[in-house]
Amino acid sequence: MVSNNLYETAQRQFERAADLVDLPVAYRTILSSPKNEIIVNFPVLMDDGAYRLFRGYRIQHNNLLGPYKGGIRFSEYVDLDEVKALATWMTWKTALMGLPFGGAKGGITMDPRMHSRDELRRIVRRFTHALGNNIGPEHDIPAPDLGSNAEAMVWMMDTYANSVDGGQNVKRVVTGKTVECGGSVGRDKATGQGVAFCLAHHLELSGRAVSDVSIAIQGFGNVGEHTARVLTAMGARVIAIADMSGAIECSDGLDPESLWFHVNKTGGVVGYPDSRELSADEFFSVDADVLIPAAIENQITVDRVERIKASIIVEAANGPTTPEAELQLIERGVEILPDIIANAGGVVVSYFEWIQNKMSQQWSLATVDEELRKLMWDACDRVEERRLALRCSRRDAAYAVALDRLRTVYDQRGIFP
Ligand code: GLU
């Protein structure tokens, strides 16, 4: 039976790649489950005076290469298996990108749209307090993910500073903060910027440029919006966008800035002037060269594969393609740029923010973008080199680069004691 359990997907991908690179059994055993699984239940005062119990998670998958690193997700669908999968992917992502971090992920099971700003602030503060010193600037560093944002990161940082470590030098306990409170310029658009760098570099291999292709993007949250903005600025035509309100097509290309105003005013992309409304199924059939899933997991499924006309899929979301769908797409010659490289721009700029905080520095946007470009292109080159050597999929090649790095460090350090 086909299962869309995210953790099973993550495990299958890992086992495949571990076989491919012949990973020693001991390392395989260690990496096959998270080091720590922290679950906290905490009460929060609601605006109506009642207390409600919330459940939050922090899964610390591996810290061989450095402090645990990864986002905090706010969604009613957050559960243990999802967070375990996302934490596992962070370990591969940071290893692949050559960052001095391990992998982690967290989440609170709640729909942020159902809470006032005051309630959200109390939820985030109480969660951070419940985590206590399970996070820390040199131990485990959260960041934004689906449903959370820079403001929530500032609340986390402030709560940590006031309750766990009163020192002033703890800003870097969290990344993705507002610029005023120690965030990095360029962090808000970093994932989208990284997606664009990754696609541009891939297209270059076949002598093409971003300005030669048409693009469909699923999702218009932080990642989808910035991906659309950056790619449009680079000359691409974004011809379709989907979000929770539905999907729209505009074959001449959409203007992300005016779409953003429309979404802010109306709550969704549907109804954007001069666009045609599409059903969810029609969205996947759009005649675009590139499809960018930038929303949630398990969106590119076997029953949608047939419809997809795009020849390139860039995984801006984590885990958007099911393993069965991936096999069928590869058989059809569709090129898939996998999540652990395609959406790594966010954590890379989180790393830049962490360095800036540590050194009390502020980099310019030009520096952030240029350093991000260098890391992205370098990782893309290493993946391509491994793909050609191993004659495997891009996902397997990306895993191989990540696992090689972890293996080398385990070889040199040994397994404690
Ligand atoms: N949540 C993002 C991701 O999935 C960013 C993580 C970070 O910046 O630590 O990669």
# chains A, B, ... in the order shown; residues from 1 in each chain; ligands from 1
$ residues_around --residues "range 233-236 of chain A" --least-positions-apart "6" --cutoff "9 Å" --atoms "only C-alpha atoms" --output "PyMOL selection string"
chain A and resi 196+209-215+253
$ residues_near_ligand --ligand "ligand 1" --cutoff "7 Å" --atoms "only C-alpha atoms and all ligand atoms" --output "list in words"
Lys69, Gly70, Gly71, Ile72, Met90, Ile141, Pro142, Ala143, Pro144, Asp145, Thr175, Gly176, Asn318, Asn343, Ala344, Gly346, Val347, Val348 and Ser350 of chain A
$ residues_around --residues "Gly267 in chain A" --least-positions-apart "2" --cutoff "12 Å" --atoms "only C-alpha atoms" --output "list of chain:residue names"
A:Arg113, A:Phe220, A:Gly221, A:Asp243, A:Met244, A:Ser245, A:Gly246, A:Leu259, A:Trp260, A:Phe261, A:His262, A:Val263, A:Asn264, A:Lys265, A:Val269, A:Val270, A:Gly271, A:Tyr272
$ write_last_selection --atoms "all heavy atoms" --output "compact mmCIF listing (two decimals), in the first residue's frame"
# COMPACT_ATOMS: atom_id res chain seq x y z
N ARG A 113 -4.00 31.20 12.48
CA ARG A 113 -5.05 32.12 12.00
C ARG A 113 -6.25 32.17 12.95
O ARG A 113 -7.10 33.04 12.84
CB ARG A 113 -5.51 31.72 10.60
CG ARG A 113 -4.43 31.94 9.53
CD ARG A 113 -4.74 31.17 8.30
NE ARG A 113 -5.00 29.77 8.63
CZ ARG A 113 -5.45 28.86 7.79
NH1 ARG A 113 -5.69 29.18 6.55
NH2 ARG A 113 -5.65 27.60 8.17
N PHE A 220 1.61 30.89 -1.76
CA PHE A 220 1.95 32.32 -1.81
C PHE A 220 2.15 32.82 -0.38
O PHE A 220 1.77 33.90 0.00
CB PHE A 220 0.87 33.12 -2.56
CG PHE A 220 1.37 34.44 -3.08
CD1 PHE A 220 2.35 34.50 -4.06
CD2 PHE A 220 0.84 35.63 -2.60
CE1 PHE A 220 2.81 35.73 -4.53
CE2 PHE A 220 1.28 36.87 -3.08
CZ PHE A 220 2.28 36.92 -4.04
N GLY A 221 2.78 31.95 0.45
CA GLY A 221 3.21 32.36 1.78
C GLY A 221 4.60 32.95 1.65
O GLY A 221 4.99 33.40 0.56
N ASP A 243 -3.04 29.04 -3.96
CA ASP A 243 -2.93 29.13 -2.50
C ASP A 243 -4.18 28.50 -1.90
O ASP A 243 -4.91 27.81 -2.61
CB ASP A 243 -2.68 30.57 -2.02
CG ASP A 243 -3.90 31.46 -2.15
OD1 ASP A 243 -4.95 31.00 -2.64
OD2 ASP A 243 -3.81 32.64 -1.76
N MET A 244 -4.45 28.75 -0.62
CA MET A 244 -5.58 28.07 0.01
C MET A 244 -6.92 28.54 -0.54
O MET A 244 -7.92 27.86 -0.41
CB MET A 244 -5.50 28.27 1.51
CG MET A 244 -4.22 27.69 2.03
SD MET A 244 -4.40 26.72 3.47
CE MET A 244 -4.38 27.95 4.71
N SER A 245 -6.93 29.73 -1.19
CA SER A 245 -8.20 30.24 -1.73
C SER A 245 -8.52 29.60 -3.07
O SER A 245 -9.66 29.66 -3.53
CB SER A 245 -8.12 31.77 -1.89
OG SER A 245 -7.27 32.12 -2.96
N GLY A 246 -7.54 29.01 -3.73
CA GLY A 246 -7.74 28.43 -5.05
C GLY A 246 -6.51 28.69 -5.91
O GLY A 246 -5.41 28.88 -5.38
N LEU A 259 -0.09 41.35 -6.91
CA LEU A 259 -0.78 40.17 -6.37
C LEU A 259 -0.71 40.18 -4.84
O LEU A 259 -1.68 39.85 -4.16
CB LEU A 259 -0.16 38.88 -6.93
CG LEU A 259 -0.79 37.58 -6.44
CD1 LEU A 259 -2.27 37.49 -6.80
CD2 LEU A 259 -0.05 36.35 -6.98
N TRP A 260 0.42 40.59 -4.32
CA TRP A 260 0.61 40.65 -2.87
C TRP A 260 -0.40 41.63 -2.25
O TRP A 260 -1.03 41.33 -1.24
CB TRP A 260 2.05 41.06 -2.57
CG TRP A 260 2.38 41.08 -1.12
CD1 TRP A 260 2.69 40.01 -0.33
CD2 TRP A 260 2.43 42.24 -0.26
NE1 TRP A 260 2.93 40.42 0.95
CE2 TRP A 260 2.78 41.78 1.03
CE3 TRP A 260 2.23 43.60 -0.46
CZ2 TRP A 260 2.92 42.65 2.11
CZ3 TRP A 260 2.36 44.46 0.62
CH2 TRP A 260 2.71 43.98 1.90
N PHE A 261 -0.59 42.78 -2.90
CA PHE A 261 -1.58 43.75 -2.40
C PHE A 261 -2.98 43.14 -2.44
O PHE A 261 -3.77 43.28 -1.52
CB PHE A 261 -1.54 45.05 -3.22
CG PHE A 261 -0.47 45.99 -2.75
CD1 PHE A 261 0.67 46.22 -3.50
CD2 PHE A 261 -0.60 46.65 -1.52
CE1 PHE A 261 1.67 47.07 -3.04
CE2 PHE A 261 0.40 47.50 -1.06
CZ PHE A 261 1.53 47.71 -1.82
N HIS A 262 -3.26 42.44 -3.55
CA HIS A 262 -4.57 41.80 -3.71
C HIS A 262 -4.80 40.77 -2.58
O HIS A 262 -5.87 40.73 -1.96
CB HIS A 262 -4.66 41.13 -5.08
CG HIS A 262 -5.87 40.30 -5.27
ND1 HIS A 262 -7.11 40.82 -5.56
CD2 HIS A 262 -6.06 38.95 -5.15
CE1 HIS A 262 -8.00 39.85 -5.62
NE2 HIS A 262 -7.38 38.70 -5.38
N VAL A 263 -3.78 39.95 -2.30
CA VAL A 263 -3.90 38.91 -1.28
C VAL A 263 -4.08 39.55 0.10
O VAL A 263 -4.90 39.10 0.91
CB VAL A 263 -2.68 37.96 -1.31
CG1 VAL A 263 -2.66 37.02 -0.10
CG2 VAL A 263 -2.68 37.14 -2.60
N ASN A 264 -3.37 40.63 0.35
CA ASN A 264 -3.51 41.31 1.65
C ASN A 264 -4.90 41.88 1.85
O ASN A 264 -5.41 41.91 2.95
CB ASN A 264 -2.48 42.43 1.77
CG ASN A 264 -1.25 41.92 2.47
OD1 ASN A 264 -1.27 40.86 3.08
ND2 ASN A 264 -0.18 42.66 2.39
N LYS A 265 -5.48 42.32 0.72
CA LYS A 265 -6.80 42.93 0.80
C LYS A 265 -7.91 41.88 0.89
O LYS A 265 -8.84 42.01 1.67
CB LYS A 265 -7.02 43.81 -0.45
CG LYS A 265 -7.93 44.98 -0.19
CD LYS A 265 -7.88 46.01 -1.32
CE LYS A 265 -8.61 45.46 -2.54
NZ LYS A 265 -8.40 46.22 -3.75
N VAL A 269 -5.40 34.51 -3.50
CA VAL A 269 -5.03 34.91 -4.87
C VAL A 269 -6.25 35.00 -5.80
O VAL A 269 -6.24 35.75 -6.79
CB VAL A 269 -3.98 33.94 -5.49
CG1 VAL A 269 -2.68 34.00 -4.73
CG2 VAL A 269 -4.50 32.50 -5.59
N VAL A 270 -7.30 34.24 -5.48
CA VAL A 270 -8.47 34.19 -6.37
C VAL A 270 -9.12 35.58 -6.49
O VAL A 270 -9.21 36.31 -5.51
CB VAL A 270 -9.48 33.13 -5.86
CG1 VAL A 270 -10.82 33.26 -6.56
CG2 VAL A 270 -8.91 31.74 -6.07
N GLY A 271 -9.50 35.91 -7.73
CA GLY A 271 -10.14 37.20 -7.95
C GLY A 271 -9.14 38.28 -8.37
O GLY A 271 -9.51 39.44 -8.58
N TYR A 272 -7.86 37.89 -8.52
CA TYR A 272 -6.84 38.85 -8.96
C TYR A 272 -7.21 39.33 -10.38
O TYR A 272 -7.51 38.51 -11.25
CB TYR A 272 -5.47 38.16 -8.94
CG TYR A 272 -4.33 39.00 -9.44
CD1 TYR A 272 -3.88 40.11 -8.74
CD2 TYR A 272 -3.70 38.67 -10.64
CE1 TYR A 272 -2.84 40.88 -9.21
CE2 TYR A 272 -2.64 39.43 -11.12
CZ TYR A 272 -2.22 40.54 -10.40
OH TYR A 272 -1.18 41.29 -10.87
$ residues_around --residues "range 191-194 of chain A" --least-positions-apart "4" --cutoff "7 Å" --atoms "only C-alpha atoms" --output "PDB file with N, CA and C atoms, in the first residue's frame"
ATOM      1  N   CYS A 198      19.136  28.373  -7.386  1.00  0.00           N
ATOM      2  CA  CYS A 198      19.238  26.955  -7.705  1.00  0.00           C
ATOM      3  C   CYS A 198      18.683  26.688  -9.115  1.00  0.00           C
ATOM      4  N   VAL A 223       7.568  31.689   1.326  1.00  0.00           N
ATOM      5  CA  VAL A 223       8.436  31.103   0.307  1.00  0.00           C
ATOM      6  C   VAL A 223       7.894  31.361  -1.101  1.00  0.00           C
ATOM      7  N   GLY A 224       6.605  31.078  -1.315  1.00  0.00           N
ATOM      8  CA  GLY A 224       6.020  31.253  -2.645  1.00  0.00           C
ATOM      9  C   GLY A 224       6.085  32.700  -3.105  1.00  0.00           C
ATOM     10  N   HIS A 226       8.119  35.202  -2.146  1.00  0.00           N
ATOM     11  CA  HIS A 226       9.469  35.690  -2.469  1.00  0.00           C
ATOM     12  C   HIS A 226      10.064  34.977  -3.675  1.00  0.00           C
ATOM     13  N   THR A 227       9.719  33.712  -3.855  1.00  0.00           N
ATOM     14  CA  THR A 227      10.176  33.007  -5.054  1.00  0.00           C
ATOM     15  C   THR A 227       9.621  33.720  -6.287  1.00  0.00           C
ATOM     16  N   VAL A 230      11.443  37.194  -6.729  1.00  0.00           N
ATOM     17  CA  VAL A 230      12.839  37.138  -7.195  1.00  0.00           C
ATOM     18  C   VAL A 230      12.900  36.647  -8.642  1.00  0.00           C
ATOM     19  N   ALA A 342      17.146  22.766  -2.862  1.00  0.00           N
ATOM     20  CA  ALA A 342      16.378  23.866  -3.457  1.00  0.00           C
ATOM     21  C   ALA A 342      15.910  24.892  -2.423  1.00  0.00           C
ATOM     22  N   ASN A 343      15.522  24.421  -1.223  1.00  0.00           N
ATOM     23  CA  ASN A 343      15.008  25.401  -0.248  1.00  0.00           C
ATOM     24  C   ASN A 343      16.000  25.708   0.869  1.00  0.00           C
ATOM     25  N   ALA A 344      17.276  25.409   0.626  1.00  0.00           N
ATOM     26  CA  ALA A 344      18.285  25.599   1.682  1.00  0.00           C
ATOM     27  C   ALA A 344      18.646  27.067   1.923  1.00  0.00           C
ATOM     28  N   GLY A 345      18.182  27.968   1.047  1.00  0.00           N
ATOM     29  CA  GLY A 345      18.526  29.387   1.210  1.00  0.00           C
ATOM     30  C   GLY A 345      18.136  29.938   2.573  1.00  0.00           C
ATOM     31  N   GLY A 346      17.027  29.453   3.125  1.00  0.00           N
ATOM     32  CA  GLY A 346      16.558  29.939   4.427  1.00  0.00           C
ATOM     33  C   GLY A 346      17.562  29.640   5.521  1.00  0.00           C
ATOM     34  N   MET A 376      25.054  28.330  -2.586  1.00  0.00           N
ATOM     35  CA  MET A 376      24.050  27.569  -3.348  1.00  0.00           C
ATOM     36  C   MET A 376      24.682  26.947  -4.592  1.00  0.00           C
TER      37      MET A 376
END
$ atom_distance --atom1 "CA of Arg405 in chain A" --atom2 "CA of Ala85 in chain A"
20.0 Å
$ closest_residue --among "A:Thr408, A:Asn36, A:Asn4, A:Asn63" --to "Ala325 in chain A" --atoms "only C-alpha atoms"
A:Asn4
$ select_by_dssp --residues "range 100-346 of chain A" --states "strand (DSSP E)" --output "count of residues only"
41
$ residues_around --residues "range 156-159 of chain A" --least-positions-apart "4" --cutoff "9 Å" --atoms "only C-alpha atoms" --output "list in words"
Val124, Arg125, Arg126, Phe127, Thr128, His129, Pro142, Glu151, Ala152, Ser163, Val164, Val170, Lys171, Arg172, Val173, Val174, Thr175 and Lys177 of chain A
$ residues_around --residues "Thr301 in chain A" --least-positions-apart "6" --cutoff "12 Å" --atoms "only C-alpha atoms" --output "JSON, numbers by chain"
{"A": [2, 3, 4, 281, 284, 293, 307, 308, 319, 320, 321, 322, 323, 324, 325, 326, 327, 328, 329]}
$ write_last_selection --atoms "N, CA, C and O atoms" --output "PDB file, in the first residue's frame"
ATOM      1  N   VAL A   2       0.428   2.268  -0.711  1.00  0.00           N
ATOM      2  CA  VAL A   2       1.198   3.506  -0.754  1.00  0.00           C
ATOM      3  C   VAL A   2       0.900   4.324   0.503  1.00  0.00           C
ATOM      4  O   VAL A   2      -0.242   4.597   0.828  1.00  0.00           O
ATOM      5  N   SER A   3       1.989   4.691   1.231  1.00  0.00           N
ATOM      6  CA  SER A   3       1.780   5.490   2.433  1.00  0.00           C
ATOM      7  C   SER A   3       2.338   6.886   2.201  1.00  0.00           C
ATOM      8  O   SER A   3       3.391   7.048   1.599  1.00  0.00           O
ATOM      9  N   ASN A   4       1.605   7.888   2.672  1.00  0.00           N
ATOM     10  CA  ASN A   4       2.124   9.248   2.559  1.00  0.00           C
ATOM     11  C   ASN A   4       2.615   9.758   3.906  1.00  0.00           C
ATOM     12  O   ASN A   4       2.660  10.946   4.153  1.00  0.00           O
ATOM     13  N   ASP A 281      -6.914  20.756  -9.758  1.00  0.00           N
ATOM     14  CA  ASP A 281      -6.402  19.831 -10.772  1.00  0.00           C
ATOM     15  C   ASP A 281      -5.880  20.575 -12.001  1.00  0.00           C
ATOM     16  O   ASP A 281      -4.847  20.235 -12.561  1.00  0.00           O
ATOM     17  N   PHE A 284      -2.302  21.949 -11.670  1.00  0.00           N
ATOM     18  CA  PHE A 284      -1.182  21.041 -11.946  1.00  0.00           C
ATOM     19  C   PHE A 284      -1.015  20.741 -13.438  1.00  0.00           C
ATOM     20  O   PHE A 284       0.024  20.257 -13.858  1.00  0.00           O
ATOM     21  N   PRO A 293       6.505  23.648  -6.199  1.00  0.00           N
ATOM     22  CA  PRO A 293       5.661  23.471  -5.027  1.00  0.00           C
ATOM     23  C   PRO A 293       6.298  24.218  -3.855  1.00  0.00           C
ATOM     24  O   PRO A 293       7.436  23.929  -3.480  1.00  0.00           O
ATOM     25  N   ARG A 307      -0.843  14.641 -15.103  1.00  0.00           N
ATOM     26  CA  ARG A 307      -1.246  15.980 -15.556  1.00  0.00           C
ATOM     27  C   ARG A 307      -0.081  16.941 -15.709  1.00  0.00           C
ATOM     28  O   ARG A 307      -0.163  17.922 -16.427  1.00  0.00           O
ATOM     29  N   ILE A 308       0.987  16.677 -14.976  1.00  0.00           N
ATOM     30  CA  ILE A 308       2.067  17.681 -14.923  1.00  0.00           C
ATOM     31  C   ILE A 308       2.776  17.819 -16.264  1.00  0.00           C
ATOM     32  O   ILE A 308       3.277  16.840 -16.824  1.00  0.00           O
ATOM     33  N   GLY A 319       9.483  18.117   1.352  1.00  0.00           N
ATOM     34  CA  GLY A 319       8.720  16.883   1.127  1.00  0.00           C
ATOM     35  C   GLY A 319       7.478  17.017   0.273  1.00  0.00           C
ATOM     36  O   GLY A 319       6.484  16.336   0.534  1.00  0.00           O
ATOM     37  N   PRO A 320       7.489  17.844  -0.799  1.00  0.00           N
ATOM     38  CA  PRO A 320       6.254  18.004  -1.579  1.00  0.00           C
ATOM     39  C   PRO A 320       5.948  16.828  -2.515  1.00  0.00           C
ATOM     40  O   PRO A 320       4.816  16.689  -2.958  1.00  0.00           O
ATOM     41  N   THR A 321       6.968  15.989  -2.813  1.00  0.00           N
ATOM     42  CA  THR A 321       6.778  14.923  -3.802  1.00  0.00           C
ATOM     43  C   THR A 321       6.792  13.565  -3.110  1.00  0.00           C
ATOM     44  O   THR A 321       7.721  13.263  -2.358  1.00  0.00           O
ATOM     45  N   THR A 322       5.793  12.737  -3.352  1.00  0.00           N
ATOM     46  CA  THR A 322       5.816  11.403  -2.743  1.00  0.00           C
ATOM     47  C   THR A 322       6.841  10.536  -3.499  1.00  0.00           C
ATOM     48  O   THR A 322       7.098  10.769  -4.693  1.00  0.00           O
ATOM     49  N   PRO A 323       7.421   9.522  -2.849  1.00  0.00           N
ATOM     50  CA  PRO A 323       8.441   8.698  -3.511  1.00  0.00           C
ATOM     51  C   PRO A 323       7.921   8.031  -4.790  1.00  0.00           C
ATOM     52  O   PRO A 323       8.649   7.950  -5.791  1.00  0.00           O
ATOM     53  N   GLU A 324       6.666   7.567  -4.784  1.00  0.00           N
ATOM     54  CA  GLU A 324       6.121   6.899  -5.980  1.00  0.00           C
ATOM     55  C   GLU A 324       5.979   7.904  -7.128  1.00  0.00           C
ATOM     56  O   GLU A 324       6.299   7.597  -8.274  1.00  0.00           O
ATOM     57  N   ALA A 325       5.507   9.091  -6.811  1.00  0.00           N
ATOM     58  CA  ALA A 325       5.356  10.119  -7.846  1.00  0.00           C
ATOM     59  C   ALA A 325       6.732  10.484  -8.404  1.00  0.00           C
ATOM     60  O   ALA A 325       6.902  10.668  -9.615  1.00  0.00           O
ATOM     61  N   GLU A 326       7.722  10.550  -7.534  1.00  0.00           N
ATOM     62  CA  GLU A 326       9.066  10.915  -7.981  1.00  0.00           C
ATOM     63  C   GLU A 326       9.584   9.901  -8.997  1.00  0.00           C
ATOM     64  O   GLU A 326      10.120  10.276 -10.049  1.00  0.00           O
ATOM     65  N   LEU A 327       9.409   8.603  -8.700  1.00  0.00           N
ATOM     66  CA  LEU A 327       9.877   7.563  -9.627  1.00  0.00           C
ATOM     67  C   LEU A 327       9.241   7.736 -11.002  1.00  0.00           C
ATOM     68  O   LEU A 327       9.921   7.687 -12.030  1.00  0.00           O
ATOM     69  N   GLN A 328       7.920   7.964 -11.006  1.00  0.00           N
ATOM     70  CA  GLN A 328       7.221   8.118 -12.288  1.00  0.00           C
ATOM     71  C   GLN A 328       7.676   9.367 -13.040  1.00  0.00           C
ATOM     72  O   GLN A 328       7.835   9.346 -14.256  1.00  0.00           O
ATOM     73  N   LEU A 329       7.907  10.423 -12.303  1.00  0.00           N
ATOM     74  CA  LEU A 329       8.341  11.673 -12.952  1.00  0.00           C
ATOM     75  C   LEU A 329       9.738  11.502 -13.559  1.00  0.00           C
ATOM     76  O   LEU A 329       9.999  11.950 -14.679  1.00  0.00           O
TER      77      LEU A 329
END
$ closest_residue --among "A:Val195, A:Leu231, A:Leu403, A:Ile217" --to "Ala294 in chain A" --atoms "only C-alpha atoms"
A:Ile217
$ atom_distance --atom1 "CA of His61 in chain A" --atom2 "CA of Arg413 in chain A"
18.3 Å
$ residues_around --residues "Ile59 in chain A" --least-positions-apart "4" --cutoff "7 Å" --atoms "only C-alpha atoms" --output "list in words"
Pro34, Asn36, Glu37, Ile38, Val83, Lys84, Ala87, Ala104, Lys105 and Gly106 of chain A
$ write_last_selection --atoms "N, CA and C atoms" --output "mmCIF file, in the first residue's frame"
data_model
loop_
_atom_site.group_PDB
_atom_site.id
_atom_site.type_symbol
_atom_site.label_atom_id
_atom_site.label_comp_id
_atom_site.auth_asym_id
_atom_site.auth_seq_id
_atom_site.Cartn_x
_atom_site.Cartn_y
_atom_site.Cartn_z
ATOM 1 N N PRO A 34 16.031 10.187 15.498
ATOM 2 C CA PRO A 34 16.489 11.435 16.122
ATOM 3 C C PRO A 34 17.163 11.165 17.462
ATOM 4 N N ASN A 36 17.075 13.317 20.178
ATOM 5 C CA ASN A 36 16.141 13.695 21.244
ATOM 6 C C ASN A 36 14.779 14.053 20.667
ATOM 7 N N GLU A 37 13.742 13.591 21.354
ATOM 8 C CA GLU A 37 12.378 13.951 20.949
ATOM 9 C C GLU A 37 11.713 14.621 22.144
ATOM 10 N N ILE A 38 11.560 15.925 22.077
ATOM 11 C CA ILE A 38 11.015 16.669 23.219
ATOM 12 C C ILE A 38 9.557 17.044 22.917
ATOM 13 N N VAL A 83 7.173 16.263 12.386
ATOM 14 C CA VAL A 83 8.324 17.013 12.894
ATOM 15 C C VAL A 83 9.603 16.152 12.835
ATOM 16 N N LYS A 84 9.443 14.840 13.063
ATOM 17 C CA LYS A 84 10.620 13.959 12.955
ATOM 18 C C LYS A 84 11.178 13.958 11.523
ATOM 19 N N ALA A 87 12.864 17.306 10.864
ATOM 20 C CA ALA A 87 14.146 17.405 11.583
ATOM 21 C C ALA A 87 15.221 16.594 10.868
ATOM 22 N N ALA A 104 17.319 19.910 13.287
ATOM 23 C CA ALA A 104 16.230 19.851 14.264
ATOM 24 C C ALA A 104 14.977 20.450 13.633
ATOM 25 N N LYS A 105 13.871 20.266 14.267
ATOM 26 C CA LYS A 105 12.640 20.946 13.848
ATOM 27 C C LYS A 105 11.697 20.959 15.029
ATOM 28 N N GLY A 106 10.815 21.948 15.050
ATOM 29 C CA GLY A 106 9.840 22.007 16.132
ATOM 30 C C GLY A 106 8.499 22.422 15.596
#
$ atom_distance --atom1 "CA of Leu337 in chain A" --atom2 "CA of Phe101 in chain A"
22.3 Å
$ select_by_dssp --residues "range 181-288 of chain A" --states "alpha helix (DSSP H)" --output "PyMOL selection string"
chain A and resi 190-205+222-233+256-266+280-284
$ closest_residue --among "A:Gly132, A:Pro338, A:Pro417, A:Gly166" --to "Leu199 in chain A" --atoms "only C-alpha atoms"
A:Pro338
$ decode --residues "range 310-315 of chain A" --atoms "all heavy atoms" --output "PDB file, in the first residue's frame"
ATOM      1  N   ALA A 310       5.147  20.367 -16.737  1.00  0.00           N
ATOM      2  CA  ALA A 310       6.460  20.986 -16.502  1.00  0.00           C
ATOM      3  C   ALA A 310       7.573  19.950 -16.657  1.00  0.00           C
ATOM      4  O   ALA A 310       7.388  18.779 -16.336  1.00  0.00           O
ATOM      5  CB  ALA A 310       6.500  21.580 -15.095  1.00  0.00           C
ATOM      6  N   SER A 311       8.719  20.398 -17.156  1.00  0.00           N
ATOM      7  CA  SER A 311       9.846  19.469 -17.292  1.00  0.00           C
ATOM      8  C   SER A 311      10.839  19.631 -16.134  1.00  0.00           C
ATOM      9  O   SER A 311      11.777  18.854 -16.003  1.00  0.00           O
ATOM     10  CB  SER A 311      10.547  19.672 -18.632  1.00  0.00           C
ATOM     11  OG  SER A 311      10.966  21.016 -18.723  1.00  0.00           O
ATOM     12  N   ILE A 312      10.642  20.659 -15.321  1.00  0.00           N
ATOM     13  CA  ILE A 312      11.502  20.861 -14.143  1.00  0.00           C
ATOM     14  C   ILE A 312      10.609  21.109 -12.929  1.00  0.00           C
ATOM     15  O   ILE A 312       9.660  21.904 -13.006  1.00  0.00           O
ATOM     16  CB  ILE A 312      12.442  22.078 -14.336  1.00  0.00           C
ATOM     17  CG1 ILE A 312      13.352  21.884 -15.553  1.00  0.00           C
ATOM     18  CG2 ILE A 312      13.269  22.323 -13.072  1.00  0.00           C
ATOM     19  CD1 ILE A 312      14.220  23.093 -15.881  1.00  0.00           C
ATOM     20  N   ILE A 313      10.905  20.416 -11.832  1.00  0.00           N
ATOM     21  CA  ILE A 313      10.197  20.682 -10.570  1.00  0.00           C
ATOM     22  C   ILE A 313      11.230  21.139  -9.548  1.00  0.00           C
ATOM     23  O   ILE A 313      12.262  20.480  -9.363  1.00  0.00           O
ATOM     24  CB  ILE A 313       9.464  19.414 -10.072  1.00  0.00           C
ATOM     25  CG1 ILE A 313       8.327  19.064 -11.044  1.00  0.00           C
ATOM     26  CG2 ILE A 313       8.929  19.611  -8.652  1.00  0.00           C
ATOM     27  CD1 ILE A 313       7.566  17.799 -10.699  1.00  0.00           C
ATOM     28  N   VAL A 314      10.988  22.295  -8.947  1.00  0.00           N
ATOM     29  CA  VAL A 314      11.906  22.795  -7.918  1.00  0.00           C
ATOM     30  C   VAL A 314      11.184  22.722  -6.577  1.00  0.00           C
ATOM     31  O   VAL A 314      10.178  23.414  -6.382  1.00  0.00           O
ATOM     32  CB  VAL A 314      12.349  24.254  -8.198  1.00  0.00           C
ATOM     33  CG1 VAL A 314      13.520  24.627  -7.299  1.00  0.00           C
ATOM     34  CG2 VAL A 314      12.724  24.445  -9.653  1.00  0.00           C
ATOM     35  N   GLU A 315      11.691  21.911  -5.667  1.00  0.00           N
ATOM     36  CA  GLU A 315      10.985  21.682  -4.404  1.00  0.00           C
ATOM     37  C   GLU A 315      11.297  22.772  -3.381  1.00  0.00           C
ATOM     38  O   GLU A 315      12.194  22.637  -2.552  1.00  0.00           O
ATOM     39  CB  GLU A 315      11.349  20.312  -3.834  1.00  0.00           C
ATOM     40  CG  GLU A 315      10.852  19.151  -4.693  1.00  0.00           C
ATOM     41  CD  GLU A 315      11.121  17.800  -4.042  1.00  0.00           C
ATOM     42  OE1 GLU A 315      12.050  17.692  -3.213  1.00  0.00           O
ATOM     43  OE2 GLU A 315      10.406  16.844  -4.379  1.00  0.00           O
TER      44      GLU A 315
END
